[in-house]
$ cat final05.json   # JSON, C-alpha atoms
[["chain", "number", "residue", "atom", "x", "y", "z"],
["A", 274, "MET", "CA", -28.34, -54.73, -6.95],
["A", 275, "LYS", "CA", -26.15, -54.93, -3.84],
["A", 276, "ILE", "CA", -24.51, -51.60, -4.68],
["A", 277, "LEU", "CA", -27.90, -49.91, -4.99],
["A", 278, "ASN", "CA", -28.95, -51.27, -1.59],
["A", 279, "LEU", "CA", -25.71, -50.03, -0.04],
["A", 280, "ILE", "CA", -26.21, -46.50, -1.42],
["A", 281, "GLN", "CA", -29.83, -46.42, -0.19],
["A", 282, "SER", "CA", -28.80, -47.55, 3.31],
["A", 283, "LEU", "CA", -26.13, -44.80, 3.50],
["A", 284, "PHE", "CA", -28.62, -42.05, 2.70],
["A", 285, "SER", "CA", -31.41, -43.40, 4.86],
["A", 286, "LYS", "CA", -29.45, -43.11, 8.14],
["A", 287, "ASN", "CA", -29.42, -39.97, 10.27],
["A", 288, "TYR", "CA", -25.99, -38.31, 10.23],
["A", 289, "ASN", "CA", -26.91, -35.22, 12.30],
["A", 290, "ALA", "CA", -24.84, -36.32, 15.29],
["A", 291, "TYR", "CA", -21.83, -37.03, 13.09],
["A", 292, "LEU", "CA", -22.04, -33.60, 11.38],
["A", 293, "THR", "CA", -22.51, -31.85, 14.73],
["A", 294, "PHE", "CA", -19.36, -33.41, 16.18],
["A", 295, "LEU", "CA", -17.47, -32.70, 12.97],
["A", 296, "VAL", "CA", -18.38, -28.99, 13.11],
["A", 297, "LEU", "CA", -17.58, -28.76, 16.83],
["A", 298, "THR", "CA", -14.21, -30.41, 16.26],
["A", 299, "PHE", "CA", -13.41, -27.96, 13.46],
["A", 300, "VAL", "CA", -14.39, -24.95, 15.61],
["A", 301, "LEU", "CA", -12.27, -26.23, 18.51],
["A", 302, "TRP", "CA", -9.28, -26.88, 16.25],
["A", 303, "PHE", "CA", -9.61, -23.43, 14.62],
["A", 304, "SER", "CA", -9.80, -21.62, 17.98],
["A", 305, "ILE", "CA", -6.71, -23.51, 19.23],
["A", 306, "GLN", "CA", -4.81, -22.38, 16.11],
["A", 307, "LEU", "CA", -5.83, -18.75, 16.75],
["A", 308, "VAL", "CA", -4.51, -18.83, 20.31],
["A", 309, "LYS", "CA", -1.06, -20.17, 19.37],
["A", 310, "SER", "CA", 1.86, -17.75, 19.09],
["A", 311, "TYR", "CA", 3.41, -17.21, 15.65],
["A", 312, "THR", "CA", 6.33, -15.33, 14.11],
["A", 313, "PHE", "CA", 5.36, -13.74, 10.80],
["A", 314, "SER", "CA", 7.57, -11.79, 8.36],
["A", 315, "THR", "CA", 5.86, -9.47, 5.92],
["A", 316, "ASP", "CA", 6.18, -6.19, 4.04],
["A", 317, "ILE", "CA", 4.27, -3.08, 4.97],
["A", 318, "LYS", "CA", 3.87, 0.05, 2.86],
["A", 319, "ILE", "CA", 4.61, 3.50, 4.22],
["A", 320, "GLN", "CA", 2.87, 6.34, 2.40],
["A", 321, "LEU", "CA", 3.66, 10.03, 2.81],
["A", 322, "VAL", "CA", 0.68, 12.35, 3.05],
["A", 323, "ASN", "CA", 0.28, 16.11, 3.48],
["A", 324, "ILE", "CA", 3.21, 16.86, 1.17],
["A", 325, "PRO", "CA", 3.51, 20.64, 0.71],
["A", 326, "ASN", "CA", 3.06, 22.11, -2.76],
["A", 327, "HIS", "CA", 6.60, 23.47, -2.87],
["A", 328, "VAL", "CA", 8.17, 20.00, -2.39],
["A", 329, "VAL", "CA", 8.72, 17.12, -4.84],
["A", 330, "VAL", "CA", 9.15, 13.70, -3.18],
["A", 331, "ASP", "CA", 11.09, 11.04, -5.09],
["A", 332, "THR", "CA", 8.87, 8.18, -3.93],
["A", 333, "ALA", "CA", 5.84, 8.82, -1.74],
["A", 334, "VAL", "CA", 5.32, 5.10, -1.02],
["A", 335, "LYS", "CA", 8.02, 2.78, 0.32],
["A", 336, "SER", "CA", 7.83, -0.85, 1.33],
["A", 337, "ILE", "CA", 9.76, -2.15, 4.36],
["A", 338, "GLY", "CA", 10.12, -5.57, 5.91],
["A", 339, "ILE", "CA", 8.79, -6.24, 9.42],
["A", 340, "THR", "CA", 8.62, -9.29, 11.66],
["A", 341, "LEU", "CA", 5.65, -9.75, 13.98],
["A", 342, "LYS", "CA", 5.42, -12.07, 16.98],
["A", 343, "THR", "CA", 1.85, -12.47, 18.17],
["A", 344, "ASN", "CA", -1.10, -14.85, 18.39],
["A", 345, "GLY", "CA", -3.00, -16.17, 15.41],
["A", 346, "PHE", "CA", -6.07, -14.00, 15.98],
["A", 347, "LYS", "CA", -4.11, -10.73, 15.71],
["A", 348, "LEU", "CA", -2.25, -12.04, 12.66],
["A", 349, "TRP", "CA", -5.56, -12.98, 11.09],
["A", 350, "THR", "CA", -6.99, -9.48, 11.63],
["A", 351, "TYR", "CA", -3.71, -7.98, 10.35],
["A", 352, "ASN", "CA", -3.85, -10.05, 7.15],
["A", 353, "LEU", "CA", -7.46, -9.00, 6.54],
["A", 354, "SER", "CA", -6.64, -5.30, 6.96],
["A", 355, "ASP", "CA", -4.94, -2.83, 4.64],
["A", 356, "LYS", "CA", -1.17, -3.09, 5.12],
["A", 357, "LYS", "CA", -0.42, 0.61, 4.74],
["A", 358, "ILE", "CA", 0.85, 3.15, 7.28],
["A", 359, "THR", "CA", 0.45, 6.85, 6.52],
["A", 360, "LEU", "CA", 3.00, 9.37, 7.72],
["A", 361, "SER", "CA", 2.63, 13.10, 7.52],
["A", 362, "PHE", "CA", 5.48, 14.91, 5.76],
["A", 363, "LYS", "CA", 5.67, 17.55, 8.50],
["A", 364, "ASP", "CA", 6.30, 14.86, 11.17],
["A", 365, "LEU", "CA", 9.50, 13.63, 9.48],
["A", 366, "LYS", "CA", 12.98, 14.82, 10.42],
["A", 367, "LYS", "CA", 14.44, 16.74, 7.49],
["A", 368, "ASP", "CA", 18.05, 16.83, 6.33],
["A", 369, "THR", "CA", 19.26, 18.72, 3.29],
["A", 370, "LEU", "CA", 17.73, 16.38, 0.69],
["A", 371, "ASN", "CA", 16.23, 13.58, 2.81],
["A", 372, "SER", "CA", 13.43, 13.28, 5.28],
["A", 373, "LYS", "CA", 13.74, 10.42, 7.77],
["A", 374, "VAL", "CA", 11.62, 8.51, 10.23],
["A", 375, "ASN", "CA", 13.24, 6.24, 12.80],
["A", 376, "SER", "CA", 12.04, 2.73, 13.53],
["A", 377, "THR", "CA", 10.76, 3.52, 17.04],
["A", 378, "ALA", "CA", 8.31, 6.12, 15.70],
["A", 379, "LEU", "CA", 7.24, 3.66, 13.03],
["A", 380, "LYS", "CA", 6.74, 0.93, 15.64],
["A", 381, "LYS", "CA", 4.45, 3.30, 17.52],
["A", 382, "LYS", "CA", 2.37, 3.88, 14.39],
["A", 383, "ILE", "CA", 2.10, 0.11, 13.73],
["A", 384, "LYS", "CA", 1.21, -0.52, 17.38],
["A", 385, "ASN", "CA", -1.56, 2.09, 17.30],
["A", 386, "ARG", "CA", -2.93, 0.88, 13.97],
["A", 387, "TYR", "CA", -2.95, -2.89, 14.51],
["A", 388, "GLY", "CA", -2.75, -3.34, 18.30],
["A", 389, "PHE", "CA", 0.57, -5.19, 18.51],
["A", 390, "LYS", "CA", 2.99, -4.73, 21.42],
["A", 391, "ASN", "CA", 6.24, -2.81, 20.82],
["A", 392, "ASP", "CA", 8.33, -5.82, 21.85],
["A", 393, "ASN", "CA", 6.62, -7.99, 19.23],
["A", 394, "ILE", "CA", 7.47, -5.74, 16.25],
["A", 395, "GLU", "CA", 10.87, -5.86, 14.58],
["A", 396, "ILE", "CA", 11.75, -3.53, 11.72],
["A", 397, "GLN", "CA", 14.74, -4.47, 9.56],
["A", 398, "GLU", "CA", 15.80, -0.87, 8.85],
["A", 399, "LEU", "CA", 16.90, 1.63, 11.49],
["A", 400, "PHE", "CA", 15.82, 4.67, 9.45],
["A", 401, "ILE", "CA", 13.45, 4.99, 6.51],
["A", 402, "SER", "CA", 14.32, 7.96, 4.33],
["A", 403, "PHE", "CA", 12.38, 9.75, 1.62],
["A", 404, "GLY", "CA", 14.31, 11.90, -0.83],
["A", 405, "TYR", "CA", 12.79, 15.27, -1.64],
["A", 406, "ARG", "CA", 13.63, 18.49, -3.43],
["A", 407, "LYS", "CA", 12.15, 21.95, -3.56],
["A", 408, "LYS", "CA", 9.78, 22.46, -6.46],
["A", 409, "THR", "CA", 10.02, 25.47, -8.75],
["A", 410, "THR", "CA", 7.85, 26.56, -11.66],
["A", 411, "LYS", "CA", 8.86, 27.80, -15.06],
["A", 412, "LYS", "CA", 6.85, 29.31, -17.92],
["A", 413, "ILE", "CA", 7.85, 27.88, -21.30],
["A", 414, "PRO", "CA", 6.62, 29.21, -24.66],
["A", 415, "VAL", "CA", 4.92, 26.74, -26.97],
["A", 416, "LYS", "CA", 6.66, 26.45, -30.33],
["A", 417, "VAL", "CA", 5.08, 24.61, -33.24],
["A", 418, "ASP", "CA", 7.46, 22.67, -35.42],
["A", 419, "ALA", "CA", 5.25, 22.30, -38.46],
["A", 420, "ASP", "CA", 5.26, 23.38, -42.08],
["A", 421, "LEU", "CA", 1.74, 24.50, -42.95],
["A", 422, "SER", "CA", 0.79, 24.84, -46.58],
["A", 423, "PHE", "CA", -2.66, 25.48, -47.95],
["A", 424, "LYS", "CA", -4.22, 24.62, -51.26],
["A", 425, "SER", "CA", -5.05, 27.53, -53.49],
["A", 426, "GLY", "CA", -8.15, 29.36, -52.35],
["A", 427, "TYR", "CA", -7.81, 28.19, -48.75],
["A", 428, "ASN", "CA", -5.12, 30.58, -47.57],
["A", 429, "THR", "CA", -5.51, 32.49, -44.34],
["A", 430, "LEU", "CA", -5.60, 36.25, -44.08],
["A", 431, "ASP", "CA", -4.30, 36.45, -40.50],
["A", 432, "ASN", "CA", -1.32, 34.88, -38.85],
["A", 433, "ILE", "CA", -1.85, 31.48, -37.24],
["A", 434, "LYS", "CA", -2.22, 31.80, -33.48],
["A", 435, "ILE", "CA", -1.26, 29.05, -31.09],
["A", 436, "LYS", "CA", -3.35, 28.53, -27.97],
["A", 437, "PRO", "CA", -2.01, 28.32, -25.38],
["A", 438, "ASP", "CA", 1.06, 30.34, -26.25],
["A", 439, "SER", "CA", 2.92, 29.08, -23.16],
["A", 440, "ILE", "CA", 2.65, 26.45, -20.45],
["A", 441, "VAL", "CA", 3.77, 26.36, -16.83],
["A", 442, "ILE", "CA", 5.77, 23.34, -15.71],
["A", 443, "SER", "CA", 6.94, 22.52, -12.21],
["A", 444, "GLY", "CA", 9.57, 20.24, -10.76],
["A", 445, "PRO", "CA", 13.00, 20.22, -9.17],
["A", 446, "ASN", "CA", 15.15, 23.23, -10.04],
["A", 447, "ASN", "CA", 18.07, 21.23, -11.46],
["A", 448, "GLU", "CA", 15.78, 19.44, -13.93],
["A", 449, "LEU", "CA", 13.99, 22.61, -15.02],
["A", 450, "LYS", "CA", 17.25, 24.27, -16.04],
["A", 451, "ASN", "CA", 17.49, 21.89, -18.99]]
$ encode --input "final05.json" --output "structure tokens"
Amino acid sequence: MKILNLIQSLFSKNYNAYLTFLVLTFVLWFSIQLVKSYTFSTDIKIQLVNIPNHVVVDTAVKSIGITLKTNGFKLWTYNLSDKKITLSFKDLKKDTLNSKVNSTALKKKIKNRYGFKNDNIEIQELFISFGYRKKTTKKIPVKVDADLSFKSGYNTLDNIKIKPDSIVISGPNNELKN
């Protein structure tokens, strides 16, 4: 009986003021956390785009580690966004078999995409390289390795024709030789 009276008295009181102060306290605490400065280490993906047709890239997407120093609000917007930077193949510096981008150019891309300051971005690698090779094409005849036999009365009058008679493959020259 006493427990029932206690439960009824709890629900009969007006708790609007209590809930209002609770919500205001939460909002104030959350905004203070967003203003604080944080150091955050994460991985970001770099994707190559606009790759010419005559080039084969070993890996078009690479993941690198970065460290960000900024306030909680910018980190929150960064974590809600897509963590991918696109680089055009023609903007990379090309060596004989590698194309490279230096960390300062990558910092500029990250700064433009997410709004961080250059001083607040640290990239662990000095250069990010993408291996590539020139692509060649080769026409290969299709050969059927099958022994066809027909039951009597179902023989064919013409020769069996294979369609397509050849296919075109493309890839790096050293792999197409084999």
$ closest_residue --input "final05.json" --among "A:Lys424, A:Val334, A:Val417, A:Leu341" --to "Asn391 in chain A" --atoms "all atoms listed in the file"
A:Leu341
$ atom_distance --input "final05.json" --atom1 "CA of Ser314 in chain A" --atom2 "CA of Glu395 in chain A"
9.2 Å
$ closest_residue --input "final05.json" --among "A:Leu353, A:Ile337, A:Leu399, A:Val322" --to "Leu365 in chain A" --atoms "only C-alpha atoms"
A:Val322
$ residues_around --input "final05.json" --residues "Lys416 in chain A" --least-positions-apart "2" --cutoff "9 Å" --atoms "all atoms listed in the file" --output "number ranges by chain"
A: 414, 418, 435, 438-439
$ residues_around --input "final05.json" --residues "Thr332 in chain A" --least-positions-apart "3" --cutoff "10 Å" --atoms "all atoms listed in the file" --output "JSON, numbers by chain"
{"A": [320, 321, 329, 335, 402, 403, 404, 405]}
$ closest_atom_pairs --input "final05.json" --of "range 342-436 of chain A" --to "range 441-450 of chain A" --cutoff "12 Å" --atoms "only C-alpha atoms" --output "tab-separated table"
residue	atom	partner	partner_atom	distance
A:Leu370	CA	A:Pro445	CA	11.6
A:Gly404	CA	A:Pro445	CA	11.9
A:Tyr405	CA	A:Pro445	CA	9.0
A:Arg406	CA	A:Pro445	CA	6.0
A:Lys407	CA	A:Pro445	CA	5.9
A:Lys408	CA	A:Pro445	CA	4.8
A:Thr409	CA	A:Ser443	CA	5.5
A:Thr410	CA	A:Ser443	CA	4.2
A:Lys411	CA	A:Ile442	CA	5.5
A:Lys412	CA	A:Val441	CA	4.4
A:Ile413	CA	A:Val441	CA	6.2
A:Pro414	CA	A:Val441	CA	8.8
A:Val415	CA	A:Val441	CA	10.2
$ atom_distance --input "final05.json" --atom1 "CA of Thr369 in chain A" --atom2 "CA of Lys382 in chain A"
25.1 Å
$ residues_near_point --input "final05.json" --point "(-6.7, 4.1, 3.7)" --cutoff "12 Å" --atoms "all atoms listed in the file" --output "PDB file with C-alpha atoms, in the coordinates of the input"
ATOM      1  CA  LYS A 318       3.870   0.050   2.860  1.00  0.00           C
ATOM      2  CA  ILE A 319       4.610   3.500   4.220  1.00  0.00           C
ATOM      3  CA  GLN A 320       2.870   6.340   2.400  1.00  0.00           C
ATOM      4  CA  LEU A 321       3.660  10.030   2.810  1.00  0.00           C
ATOM      5  CA  VAL A 322       0.680  12.350   3.050  1.00  0.00           C
ATOM      6  CA  SER A 354      -6.640  -5.300   6.960  1.00  0.00           C
ATOM      7  CA  ASP A 355      -4.940  -2.830   4.640  1.00  0.00           C
ATOM      8  CA  LYS A 356      -1.170  -3.090   5.120  1.00  0.00           C
ATOM      9  CA  LYS A 357      -0.420   0.610   4.740  1.00  0.00           C
ATOM     10  CA  ILE A 358       0.850   3.150   7.280  1.00  0.00           C
ATOM     11  CA  THR A 359       0.450   6.850   6.520  1.00  0.00           C
ATOM     12  CA  LEU A 360       3.000   9.370   7.720  1.00  0.00           C
ATOM     13  CA  ARG A 386      -2.930   0.880  13.970  1.00  0.00           C
TER      14      ARG A 386
END
$ atom_distance --input "final05.json" --atom1 "CA of Leu348 in chain A" --atom2 "CA of Leu307 in chain A"
8.6 Å
$ decode --input "final05.json" --residues "range 320-443 of chain A" --atoms "C-alpha atoms" --output "CSV table (one decimal), in the first residue's frame"
chain,number,residue,atom,x,y,z
A,320,GLN,CA,41.8,7.7,-54.6
A,321,LEU,CA,43.3,8.3,-58.1
A,322,VAL,CA,40.9,9.5,-60.7
A,323,ASN,CA,41.2,10.4,-64.4
A,324,ILE,CA,43.6,7.5,-65.1
A,325,PRO,CA,44.3,7.4,-68.8
A,326,ASN,CA,43.3,4.4,-70.8
A,327,HIS,CA,46.9,3.5,-71.7
A,328,VAL,CA,48.0,3.2,-68.0
A,329,VAL,CA,47.5,0.4,-65.5
A,330,VAL,CA,47.7,1.5,-61.8
A,331,ASP,CA,48.7,-1.1,-59.2
A,332,THR,CA,46.4,0.3,-56.5
A,333,ALA,CA,44.1,3.2,-57.3
A,334,VAL,CA,43.2,3.6,-53.6
A,335,LYS,CA,45.7,4.0,-50.7
A,336,SER,CA,45.2,4.6,-47.1
A,337,ILE,CA,47.6,6.9,-45.1
A,338,GLY,CA,47.7,7.9,-41.5
A,339,ILE,CA,47.2,11.6,-40.5
A,340,THR,CA,47.1,13.4,-37.2
A,341,LEU,CA,44.7,16.4,-36.8
A,342,LYS,CA,44.8,19.1,-34.1
A,343,THR,CA,41.6,21.1,-34.0
A,344,ASN,CA,38.4,21.8,-32.0
A,345,GLY,CA,35.7,19.2,-31.4
A,346,PHE,CA,33.2,20.8,-33.8
A,347,LYS,CA,35.6,20.4,-36.8
A,348,LEU,CA,36.4,16.9,-35.7
A,349,TRP,CA,32.7,16.1,-35.5
A,350,THR,CA,32.0,17.3,-39.0
A,351,TYR,CA,35.1,15.4,-40.2
A,352,ASN,CA,33.9,12.2,-38.7
A,353,LEU,CA,30.5,12.6,-40.3
A,354,SER,CA,31.9,13.2,-43.7
A,355,ASP,CA,33.4,10.8,-46.3
A,356,LYS,CA,37.1,10.3,-45.5
A,357,LYS,CA,38.3,10.1,-49.1
A,358,ILE,CA,40.5,12.5,-51.0
A,359,THR,CA,40.6,12.3,-54.8
A,360,LEU,CA,43.7,13.1,-56.8
A,361,SER,CA,43.9,13.4,-60.5
A,362,PHE,CA,46.5,11.2,-62.2
A,363,LYS,CA,47.8,14.0,-64.4
A,364,ASP,CA,48.6,16.2,-61.3
A,365,LEU,CA,51.0,13.6,-59.9
A,366,LYS,CA,54.8,13.7,-60.5
A,367,LYS,CA,55.8,10.8,-62.6
A,368,ASP,CA,59.0,8.7,-62.4
A,369,THR,CA,59.7,5.7,-64.5
A,370,LEU,CA,57.3,3.4,-62.8
A,371,ASN,CA,55.9,5.5,-59.9
A,372,SER,CA,53.8,8.5,-59.6
A,373,LYS,CA,54.2,10.5,-56.4
A,374,VAL,CA,52.4,13.2,-54.5
A,375,ASN,CA,54.2,15.0,-51.7
A,376,SER,CA,52.7,15.7,-48.3
A,377,THR,CA,52.4,19.4,-48.7
A,378,ALA,CA,50.2,19.1,-51.8
A,379,LEU,CA,48.1,16.5,-49.9
A,380,LYS,CA,47.8,18.8,-46.9
A,381,LYS,CA,46.4,21.5,-49.2
A,382,LYS,CA,43.8,19.1,-50.5
A,383,ILE,CA,42.8,18.1,-46.9
A,384,LYS,CA,42.7,21.8,-45.9
A,385,ASN,CA,40.4,22.7,-48.9
A,386,ARG,CA,38.1,19.7,-48.3
A,387,TYR,CA,37.7,19.8,-44.5
A,388,GLY,CA,38.7,23.3,-43.5
A,389,PHE,CA,41.6,22.5,-41.3
A,390,LYS,CA,44.7,24.7,-41.0
A,391,ASN,CA,48.0,23.5,-42.5
A,392,ASP,CA,49.7,23.7,-39.2
A,393,ASN,CA,47.1,21.4,-37.6
A,394,ILE,CA,47.6,18.5,-40.2
A,395,GLU,CA,50.4,16.0,-39.9
A,396,ILE,CA,51.0,13.3,-42.4
A,397,GLN,CA,53.2,10.4,-41.4
A,398,GLU,CA,54.6,9.8,-44.9
A,399,LEU,CA,56.7,12.3,-46.9
A,400,PHE,CA,55.7,11.0,-50.3
A,401,ILE,CA,52.7,8.8,-51.3
A,402,SER,CA,53.5,6.8,-54.5
A,403,PHE,CA,51.3,4.9,-56.8
A,404,GLY,CA,52.9,2.3,-59.1
A,405,TYR,CA,51.8,2.2,-62.7
A,406,ARG,CA,52.7,0.7,-66.0
A,407,LYS,CA,51.8,1.3,-69.6
A,408,LYS,CA,49.0,-0.8,-70.8
A,409,THR,CA,49.1,-2.8,-74.1
A,410,THR,CA,46.5,-4.9,-75.8
A,411,LYS,CA,46.9,-8.3,-77.4
A,412,LYS,CA,44.5,-10.4,-79.6
A,413,ILE,CA,44.5,-14.0,-78.5
A,414,PRO,CA,42.7,-16.8,-80.5
A,415,VAL,CA,40.2,-18.9,-78.6
A,416,LYS,CA,41.0,-22.6,-78.6
A,417,VAL,CA,38.5,-25.2,-77.4
A,418,ASP,CA,40.0,-28.1,-75.5
A,419,ALA,CA,37.1,-30.5,-75.9
A,420,ASP,CA,36.4,-33.8,-77.4
A,421,LEU,CA,33.0,-33.7,-79.1
A,422,SER,CA,31.3,-36.9,-80.1
A,423,PHE,CA,27.8,-37.2,-81.3
A,424,LYS,CA,25.3,-40.1,-81.2
A,425,SER,CA,24.5,-41.7,-84.5
A,426,GLY,CA,22.1,-39.7,-86.5
A,427,TYR,CA,23.1,-36.4,-84.8
A,428,ASN,CA,26.3,-35.7,-86.6
A,429,THR,CA,27.0,-32.3,-88.1
A,430,LEU,CA,27.6,-31.6,-91.7
A,431,ASP,CA,29.7,-28.5,-91.2
A,432,ASN,CA,32.7,-27.8,-89.1
A,433,ILE,CA,32.0,-26.5,-85.6
A,434,LYS,CA,32.6,-22.8,-85.4
A,435,ILE,CA,33.6,-21.0,-82.2
A,436,LYS,CA,32.3,-17.5,-81.5
A,437,PRO,CA,34.1,-15.4,-80.8
A,438,ASP,CA,37.2,-16.8,-82.5
A,439,SER,CA,39.5,-14.4,-80.6
A,440,ILE,CA,39.5,-12.1,-77.7
A,441,VAL,CA,41.4,-8.9,-76.9
A,442,ILE,CA,43.1,-8.6,-73.5
A,443,SER,CA,44.9,-5.6,-72.1
